[in-house]
Structures are given as C-alpha cells and as structure tokens.
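Trainee: Just passing along the structure, written as structure tokens.
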Amino acid sequence: MNIRVKFAKKLRDLRLKRKWTQEQLAEAADLAYRHVQRLESITNTPPAKIDTLDKLAQAFKITISQLLKF
C-alpha cells in the first residue's frame, strides 16, 4: 500500500472519529471541500503539501507527526 493511500485512510479515520463531515473538516482546516474530498480518495489521492498537512493537523489538534503516523 503506498503512502498516499495510507494517508487517505488515516485522514478519513481521524475525521470519522470526530464525527465530522468532509465539509466540516474543510472548514476547520481552512481548505476547500473538494480538496478534502480528493485527499481522502483512495484511487486518486493527490500529494499533500506541507501547508495542507499543517492545516489538517491544527484542525485535529495533533502534530504533523501524529497525522503521518500510520
């Protein structure tokens, strides 16, 4: 399993653990809803930039290291 698929699954798991919709996560992380959708896509996950990882980590109140721990 490649790292993008692992990241997509981790992102989805974190979001669902908080009972957030993709729209709620996008708002909390100050990202476009479609971008969150693509990041969670297992078949066509785009590369995530460090700024995006930082925004997601802040939204979840975790570190980037925790976000990337598979």
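Numbering starts fresh at 1 for the residues of each chain in the structure tokens, the chains themselves are lettered A, B, ... in the order given, and ligands are numbered from 1 as they appear.
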Got a sec: who's within 10 Å of Lys55 of chain A, counting only C-alpha atoms, leaving out chain neighbours fewer than 5 positions off, as a PyMOL selection string?

Mentor: chain A and resi 26+28-31+50+60-61+64

Trainee: So which residues touch Val5 of chain A within 12 Å, counting only C-alpha atoms, skipping near sequence neighbours fewer than 4 positions away, as a list in words?

Mentor: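 Using only C-alpha atoms, the neighbours found are Met1, Lys9, Lys10, Leu11, Arg12, Arg38, Leu39, Glu40, Ser41, Ile42, Thr43, Asn44, Thr45, Pro46, Pro47, Ala48, Leu68 and Phe70 of chain A.
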
Trainee: Next, write the just-selected residues to a file, as a PDB file, in the first residue's frame, keeping N, CA and C atoms as the atom set.

Mentor:
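Final file, again.pdb:
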ATOM      1  N   MET A   1       0.852  -1.180   0.000  1.00  0.00           N
ATOM      2  CA  MET A   1       0.000   0.000   0.000  1.00  0.00           C
ATOM      3  C   MET A   1       0.895   1.240   0.000  1.00  0.00           C
ATOM      4  N   LYS A   9      -6.556   7.012   4.152  1.00  0.00           N
ATOM      5  CA  LYS A   9      -7.271   6.217   5.148  1.00  0.00           C
ATOM      6  C   LYS A   9      -7.139   6.837   6.539  1.00  0.00           C
ATOM      7  N   LYS A  10      -5.955   7.312   6.885  1.00  0.00           N
ATOM      8  CA  LYS A  10      -5.733   7.930   8.192  1.00  0.00           C
ATOM      9  C   LYS A  10      -6.575   9.197   8.322  1.00  0.00           C
ATOM     10  N   LEU A  11      -6.597  10.011   7.275  1.00  0.00           N
ATOM     11  CA  LEU A  11      -7.368  11.246   7.290  1.00  0.00           C
ATOM     12  C   LEU A  11      -8.855  10.949   7.494  1.00  0.00           C
ATOM     13  N   ARG A  12      -9.356   9.985   6.753  1.00  0.00           N
ATOM     14  CA  ARG A  12     -10.767   9.604   6.874  1.00  0.00           C
ATOM     15  C   ARG A  12     -11.066   9.070   8.276  1.00  0.00           C
ATOM     16  N   ARG A  38     -10.614  15.012  -2.327  1.00  0.00           N
ATOM     17  CA  ARG A  38      -9.524  14.395  -3.099  1.00  0.00           C
ATOM     18  C   ARG A  38      -8.477  13.766  -2.184  1.00  0.00           C
ATOM     19  N   LEU A  39      -8.177  14.429  -1.066  1.00  0.00           N
ATOM     20  CA  LEU A  39      -7.186  13.880  -0.134  1.00  0.00           C
ATOM     21  C   LEU A  39      -7.642  12.548   0.458  1.00  0.00           C
ATOM     22  N   GLU A  40      -8.939  12.374   0.614  1.00  0.00           N
ATOM     23  CA  GLU A  40      -9.472  11.120   1.152  1.00  0.00           C
ATOM     24  C   GLU A  40      -9.698  10.064   0.080  1.00  0.00           C
ATOM     25  N   SER A  41      -9.542  10.430  -1.167  1.00  0.00           N
ATOM     26  CA  SER A  41      -9.765   9.495  -2.267  1.00  0.00           C
ATOM     27  C   SER A  41      -8.659   8.447  -2.302  1.00  0.00           C
ATOM     28  N   ILE A  42      -9.054   7.193  -2.250  1.00  0.00           N
ATOM     29  CA  ILE A  42      -8.069   6.106  -2.246  1.00  0.00           C
ATOM     30  C   ILE A  42      -7.535   5.842  -3.647  1.00  0.00           C
ATOM     31  N   THR A  43      -8.336   6.119  -4.651  1.00  0.00           N
ATOM     32  CA  THR A  43      -7.910   5.805  -6.013  1.00  0.00           C
ATOM     33  C   THR A  43      -7.098   6.911  -6.680  1.00  0.00           C
ATOM     34  N   ASN A  44      -7.275   8.150  -6.249  1.00  0.00           N
ATOM     35  CA  ASN A  44      -6.588   9.247  -6.935  1.00  0.00           C
ATOM     36  C   ASN A  44      -6.147  10.326  -5.948  1.00  0.00           C
ATOM     37  N   THR A  45      -5.478   9.933  -4.887  1.00  0.00           N
ATOM     38  CA  THR A  45      -5.057  10.879  -3.859  1.00  0.00           C
ATOM     39  C   THR A  45      -3.928  11.763  -4.378  1.00  0.00           C
ATOM     40  N   PRO A  46      -4.117  13.090  -4.312  1.00  0.00           N
ATOM     41  CA  PRO A  46      -3.043  13.990  -4.756  1.00  0.00           C
ATOM     42  C   PRO A  46      -1.967  14.083  -3.680  1.00  0.00           C
ATOM     43  N   PRO A  47      -0.781  14.564  -4.023  1.00  0.00           N
ATOM     44  CA  PRO A  47       0.226  14.787  -2.998  1.00  0.00           C
ATOM     45  C   PRO A  47      -0.234  15.919  -2.074  1.00  0.00           C
ATOM     46  N   ALA A  48       0.032  15.799  -0.805  1.00  0.00           N
ATOM     47  CA  ALA A  48      -0.347  16.833   0.162  1.00  0.00           C
ATOM     48  C   ALA A  48       0.865  17.715   0.450  1.00  0.00           C
ATOM     49  N   LEU A  68       0.864  11.817  10.300  1.00  0.00           N
ATOM     50  CA  LEU A  68       1.541  10.945   9.343  1.00  0.00           C
ATOM     51  C   LEU A  68       1.954   9.601   9.925  1.00  0.00           C
ATOM     52  N   PHE A  70       1.373   6.041  10.572  1.00  0.00           N
ATOM     53  CA  PHE A  70       0.487   5.009  10.064  1.00  0.00           C
ATOM     54  C   PHE A  70       0.702   3.746  10.861  1.00  0.00           C
TER      55      PHE A  70
END

Trainee: Could you pull out the residues in chain A that DSSP calls alpha helix (DSSP H) from the backbone, as a ChimeraX atom specification?

Mentor: /A:3-17,22-29,33-40,50-60,64-67

Trainee: Restricting the calculation to only C-alpha atoms, which member of A:Leu53, A:Ile62, A:Val36, A:Leu67 is positioned closest to Trp20 of chain A?

Mentor: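 Ranked by minimum distance to Trp20 of chain A, first place goes to A:Val36.
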